[in-house]
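Visitor: Next comes the structure file upload.tsv, holding TSV, C-alpha atoms and all ligand atoms.
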chain	number	residue	atom	x	y	z
A	235	MET	CA	58.14	141.03	-2.28
A	236	ALA	CA	56.67	137.78	-3.64
A	237	ARG	CA	53.43	138.44	-1.79
A	238	TYR	CA	53.14	141.83	-3.44
A	239	SER	CA	53.47	140.48	-6.97
A	240	MET	CA	51.05	137.67	-6.16
A	241	GLU	CA	48.54	140.20	-4.90
A	242	ARG	CA	49.04	142.16	-8.06
A	243	ALA	CA	48.40	139.09	-10.24
A	244	LEU	CA	45.25	138.45	-8.22
A	245	ASN	CA	44.13	142.01	-8.84
A	246	LEU	CA	44.77	141.63	-12.56
A	247	SER	CA	42.76	138.42	-12.78
A	248	GLU	CA	40.02	140.14	-10.80
A	249	ALA	CA	40.04	143.01	-13.28
A	250	ALA	CA	39.77	140.47	-16.10
A	251	ARG	CA	36.90	138.77	-14.30
A	252	ILE	CA	35.11	142.09	-13.85
A	253	ALA	CA	35.59	142.90	-17.55
A	254	LEU	CA	34.19	139.49	-18.52
A	255	LEU	CA	31.29	139.88	-16.12
A	256	GLN	CA	30.51	143.33	-17.52
A	257	GLU	CA	30.46	141.85	-21.03
A	258	MET	CA	28.10	139.06	-19.91
A	259	MET	CA	25.89	141.58	-18.11
A	260	LYS	CA	25.65	143.65	-21.28
A	261	ASP	CA	24.59	140.57	-23.27
A	262	THR	CA	22.12	139.53	-20.59
A	263	LYS	CA	20.59	143.00	-20.48
A	264	ARG	CA	20.18	142.94	-24.26
A	265	ASN	CA	18.48	139.52	-24.16
A	266	GLU	CA	16.29	140.67	-21.28
A	267	ARG	CA	15.16	143.68	-23.31
A	268	GLY	CA	14.59	141.42	-26.35
A	269	GLY	CA	12.37	139.13	-24.28
A	270	LEU	CA	10.37	142.08	-22.99
A	271	LEU	CA	9.92	143.45	-26.53
A	272	ALA	CA	8.76	140.02	-27.78
A	273	CYS	CA	6.33	139.87	-24.87
A	274	LEU	CA	4.91	143.31	-25.71
A	275	ALA	CA	4.69	142.44	-29.41
A	276	GLY	CA	2.87	139.22	-28.48
A	277	VAL	CA	0.39	141.13	-26.33
A	278	VAL	CA	-0.27	143.59	-29.18
A	279	VAL	CA	-0.79	140.74	-31.68
A	280	SER	CA	-3.01	138.90	-29.20
A	281	VAL	CA	-5.15	141.99	-28.48
A	282	ALA	CA	-5.41	142.73	-32.22
A	283	GLY	CA	-6.45	139.11	-32.83
A	284	PHE	CA	-9.01	138.75	-30.04
A	285	SER	CA	-10.55	142.19	-30.61
A	286	THR	CA	-11.26	141.43	-34.27
A	287	ILE	CA	-12.81	137.97	-33.78
A	288	PRO	CA	-16.30	139.05	-34.96
A	289	LEU	CA	-14.83	140.91	-37.95
A	290	VAL	CA	-12.05	138.76	-39.37
A	291	SER	CA	-11.76	134.98	-39.74
A	292	ASN	CA	-8.64	133.37	-38.17
A	293	SER	CA	-8.58	136.19	-35.60
A	294	PHE	CA	-8.86	133.71	-32.74
A	295	GLU	CA	-5.81	131.82	-34.03
A	296	LEU	CA	-3.92	135.10	-34.36
A	297	GLY	CA	-4.82	135.94	-30.77
A	298	VAL	CA	-3.59	132.55	-29.56
A	299	VAL	CA	-0.33	132.93	-31.48
A	300	GLY	CA	0.07	136.37	-29.91
A	301	LEU	CA	-0.47	134.88	-26.45
A	302	VAL	CA	2.16	132.21	-27.10
A	303	ILE	CA	4.66	134.84	-28.30
A	304	ALA	CA	3.90	136.94	-25.20
A	305	ALA	CA	4.34	133.95	-22.88
A	306	VAL	CA	7.65	132.89	-24.46
A	307	GLY	CA	8.88	136.50	-24.48
A	308	PHE	CA	7.97	136.88	-20.83
A	309	ALA	CA	9.74	133.62	-19.92
A	310	VAL	CA	12.87	134.80	-21.76
A	311	TYR	CA	12.66	138.17	-20.01
A	312	LEU	CA	12.25	136.52	-16.59
A	313	HIS	CA	15.16	134.14	-17.20
A	314	TYR	CA	17.59	136.87	-18.21
A	315	SER	CA	16.46	139.32	-15.57
A	316	ARG	CA	17.14	136.64	-12.93
A	317	LEU	CA	20.52	135.92	-14.52
A	318	TYR	CA	21.30	139.62	-14.52
A	319	SER	CA	20.58	140.04	-10.83
A	320	ARG	CA	22.86	137.05	-10.16
A	321	PHE	CA	25.62	138.81	-12.11
A	322	VAL	CA	25.02	141.96	-10.07
A	323	VAL	CA	25.53	139.97	-6.85
A	324	GLN	CA	28.74	138.41	-8.25
A	325	MET	CA	30.00	141.82	-9.29
A	326	ALA	CA	29.27	143.28	-5.87
A	327	LYS	CA	31.13	140.38	-4.23
A	328	ILE	CA	34.20	140.92	-6.41
A	329	ALA	CA	34.14	144.68	-5.87
A	330	PHE	CA	33.77	144.24	-2.10
A	331	LYS	CA	36.49	141.58	-1.90
A	332	SER	CA	39.04	143.53	-3.91
A	333	ALA	CA	38.45	146.61	-1.78
A	334	THR	CA	38.71	144.95	1.64
A	335	PRO	CA	42.17	143.35	2.17
A	336	CYS	CA	44.77	145.36	4.03
A	337	PRO	CA	47.75	146.10	1.75
A	338	GLN	CA	50.17	145.34	4.59
A	339	CYS	CA	48.91	142.19	6.34
A	340	GLY	CA	46.36	141.03	3.73
A	341	LYS	CA	43.59	140.56	6.30
A	342	GLU	CA	40.07	141.47	5.22
A	343	LEU	CA	39.08	144.82	6.60
A	344	PRO	CA	35.68	145.18	8.24
A	345	GLU	CA	33.02	147.30	6.59
A	346	GLY	CA	33.22	151.04	7.01
A	347	GLU	CA	35.75	153.80	6.53
A	348	PHE	CA	39.01	153.19	8.37
A	349	GLY	CA	42.05	155.41	8.38
A	350	PHE	CA	44.20	152.50	9.53
A	351	CYS	CA	44.15	148.69	9.56
A	352	PRO	CA	42.66	147.40	12.85
A	353	PHE	CA	44.87	144.26	12.64
A	354	CYS	CA	48.34	145.66	12.02
A	355	GLY	CA	47.83	149.41	12.40
A	356	THR	CA	49.00	150.32	8.89
A	357	SER	CA	47.50	153.55	7.65
A	358	LEU	CA	45.25	152.87	4.68
A	359	LYS	CA	46.18	155.09	1.77
A	360	SER	CA	44.19	155.72	-1.37
A	361	GLU	CA	44.50	153.25	-4.25
A	362	GLY	CA	46.53	155.67	-6.32
A	363	VAL	CA	49.27	155.80	-3.68
A	364	ILE	CA	49.30	152.00	-3.38
A	365	GLN	CA	49.68	151.65	-7.13
A	366	GLN	CA	52.55	154.10	-7.05
A	367	GLU	CA	54.22	151.91	-4.43
A	368	PHE	CA	53.79	148.90	-6.72
A	369	LEU	CA	55.44	150.81	-9.54
A	370	GLU	CA	58.36	151.75	-7.31
A	371	GLU	CA	58.68	148.12	-6.27
A	372	ASP	CA	58.84	147.16	-9.95
A	373	ALA	CA	61.58	149.66	-10.55
A	374	THR	CA	63.71	148.27	-7.73
A	375	THR	CA	63.24	144.60	-8.70
A	376	LEU	CA	64.14	145.18	-12.35
A	377	PRO	CA	67.67	144.04	-13.24
B	1	ZN	ZN	46.76	145.19	8.18
What do you get writing this file as structure tokens?
Guide:
Amino acid sequence: MARYSMERALNLSEAARIALLQEMMKDTKRNERGGLLACLAGVVVSVAGFSTIPLVSNSFELGVVGLVIAAVGFAVYLHYSRLYSRFVVQMAKIAFKSATPCPQCGKELPEGEFGFCPFCGTSLKSEGVIQQEFLEEDATTLP
């Protein structure tokens, strides 16, 4: 009984962690896109500057500024895209972990589709059925 409610609390905190991670991933993706846009804008400014050197004064400076913007934008993009892939790995770990333990003995199940737990022999039902069992447990433990 106590193990069940503890497992449930663990699942809830995992859900909260996933929600937080999703929020961070959204932010990271936005920053990554911002960096890429800055990089592209920098390239455009730089090309515009360098291609008009014989025509307009200060064009060289404009081109250099464009290059700097492009470099900074690219660094920002690279940083956030690396961060994002780290979040993806974390998310995959959480998703894998929360899906693996056997509901009966709590042992981590090996990869692949199993109809039963190889450790204790419990048949592995769908999540919906397990949740229904939790609800029934709640009903019986209520005063
Ligand atoms: Zn088991």
Visitor: Give the residues close to ligand ZN 1 (chain B), within 7 Å, counting only C-alpha atoms and all ligand atoms; write them as number ranges by chain.
Guide: A: 336-341, 351-356
Visitor: Which neighbours of Arg264 (chain A) fall inside 10 Å, counting all atoms listed in the file, when residues of the same chain fewer than 6 positions from it are skipped, and could you give them as a compact mmCIF listing (two decimals) with C-alpha atoms, in the frame of the given file?
Guide:
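Listing of result-v2.txt after writing:
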# COMPACT_ATOMS: atom_id res chain seq x y z
CA MET A 258 28.10 139.06 -19.91
CA LEU A 270 10.37 142.08 -22.99
CA TYR A 311 12.66 138.17 -20.01
CA TYR A 314 17.59 136.87 -18.21
Visitor: Report, in Å to a single decimal, how far apart CA of Leu271 (chain A) and CA of Pro288 (chain A) are.
Guide: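 According to the coordinates, CA of Pro288 (chain A) and CA of Leu271 (chain A) are separated by 27.9 Å.
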Visitor: Could you give me, as a PDB file with C-alpha atoms, keeping the file's coordinate frame, the residues within 12 Å of Arg320 (chain A), counting only C-alpha atoms and dropping anything in the same chain fewer than 4 positions from it?
Guide:
ATOM      1  CA  LEU A 255      31.290 139.880 -16.120  1.00  0.00           C
ATOM      2  CA  MET A 258      28.100 139.060 -19.910  1.00  0.00           C
ATOM      3  CA  MET A 259      25.890 141.580 -18.110  1.00  0.00           C
ATOM      4  CA  THR A 262      22.120 139.530 -20.590  1.00  0.00           C
ATOM      5  CA  HIS A 313      15.160 134.140 -17.200  1.00  0.00           C
ATOM      6  CA  TYR A 314      17.590 136.870 -18.210  1.00  0.00           C
ATOM      7  CA  SER A 315      16.460 139.320 -15.570  1.00  0.00           C
ATOM      8  CA  ARG A 316      17.140 136.640 -12.930  1.00  0.00           C
ATOM      9  CA  GLN A 324      28.740 138.410  -8.250  1.00  0.00           C
ATOM     10  CA  MET A 325      30.000 141.820  -9.290  1.00  0.00           C
ATOM     11  CA  ALA A 326      29.270 143.280  -5.870  1.00  0.00           C
ATOM     12  CA  LYS A 327      31.130 140.380  -4.230  1.00  0.00           C
TER      13      LYS A 327
END
Visitor: Grab the CA of Ala305 (chain A) to CA of Val278 (chain A) distance for me, in Å with one decimal place.
Guide: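 Between these atoms lies a distance of 12.4 Å.
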Visitor: Select, from A:Gly269, A:Phe321, A:Leu358, A:Phe350, the residue with the minimum atom-to-atom distance to Ile252 (chain A), counting only C-alpha atoms.
Guide: A:Phe321
Visitor: For CA of Val290 (chain A) and CA of Ala304 (chain A), quote the distance in Å rounded to one decimal.
Guide: 21.4 Å
Visitor: Find, counting only C-alpha atoms, the residue in A:Ala272, A:Ile328, A:Val310, A:Val302 that gets nearest to Ala249 (chain A).
Guide: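 Using only C-alpha atoms, Ala249 (chain A) sits closest to A:Ile328.
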Visitor: Using all atoms listed in the file, which residues sit within 12 Å of Lys260 (chain A) once same-chain residues fewer than 6 positions away are excluded, as a PyMOL selection string?
Guide: chain A and resi 253-254+266-267+314-315+317-318+321-322
Visitor: Output the selection as a PDB file, keeping the file's coordinate frame - C-alpha atoms for each residue.
Guide:
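Writing done, so here's selection_32.pdb:
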ATOM      1  CA  ALA A 253      35.590 142.900 -17.550  1.00  0.00           C
ATOM      2  CA  LEU A 254      34.190 139.490 -18.520  1.00  0.00           C
ATOM      3  CA  GLU A 266      16.290 140.670 -21.280  1.00  0.00           C
ATOM      4  CA  ARG A 267      15.160 143.680 -23.310  1.00  0.00           C
ATOM      5  CA  TYR A 314      17.590 136.870 -18.210  1.00  0.00           C
ATOM      6  CA  SER A 315      16.460 139.320 -15.570  1.00  0.00           C
ATOM      7  CA  LEU A 317      20.520 135.920 -14.520  1.00  0.00           C
ATOM      8  CA  TYR A 318      21.300 139.620 -14.520  1.00  0.00           C
ATOM      9  CA  PHE A 321      25.620 138.810 -12.110  1.00  0.00           C
ATOM     10  CA  VAL A 322      25.020 141.960 -10.070  1.00  0.00           C
TER      11      VAL A 322
END
Visitor: From the set A:Ala250, A:Thr286, A:Ser291, A:Gly300, which residue has the shortest atom-to-atom contact distance to Leu274 (chain A), counting only C-alpha atoms?
Guide: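 Of all the options, A:Gly300 lies closest to Leu274 (chain A).
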Visitor: Taking into account only C-alpha atoms, which residue in the set A:Gly297, A:Gly349, A:Pro335, A:Pro344 is nearest to Val277 (chain A)?
Guide: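 Using only C-alpha atoms, the shortest distance to Val277 (chain A) belongs to A:Gly297.
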Visitor: Counting all atoms listed in the file, figure out which residue out of A:Phe308, A:Phe284, A:Gly276, A:Ala329 gets nearest to Arg251 (chain A).
Guide: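 Looking only at the distances to Arg251 (chain A), the closest residue turns out to be A:Ala329.
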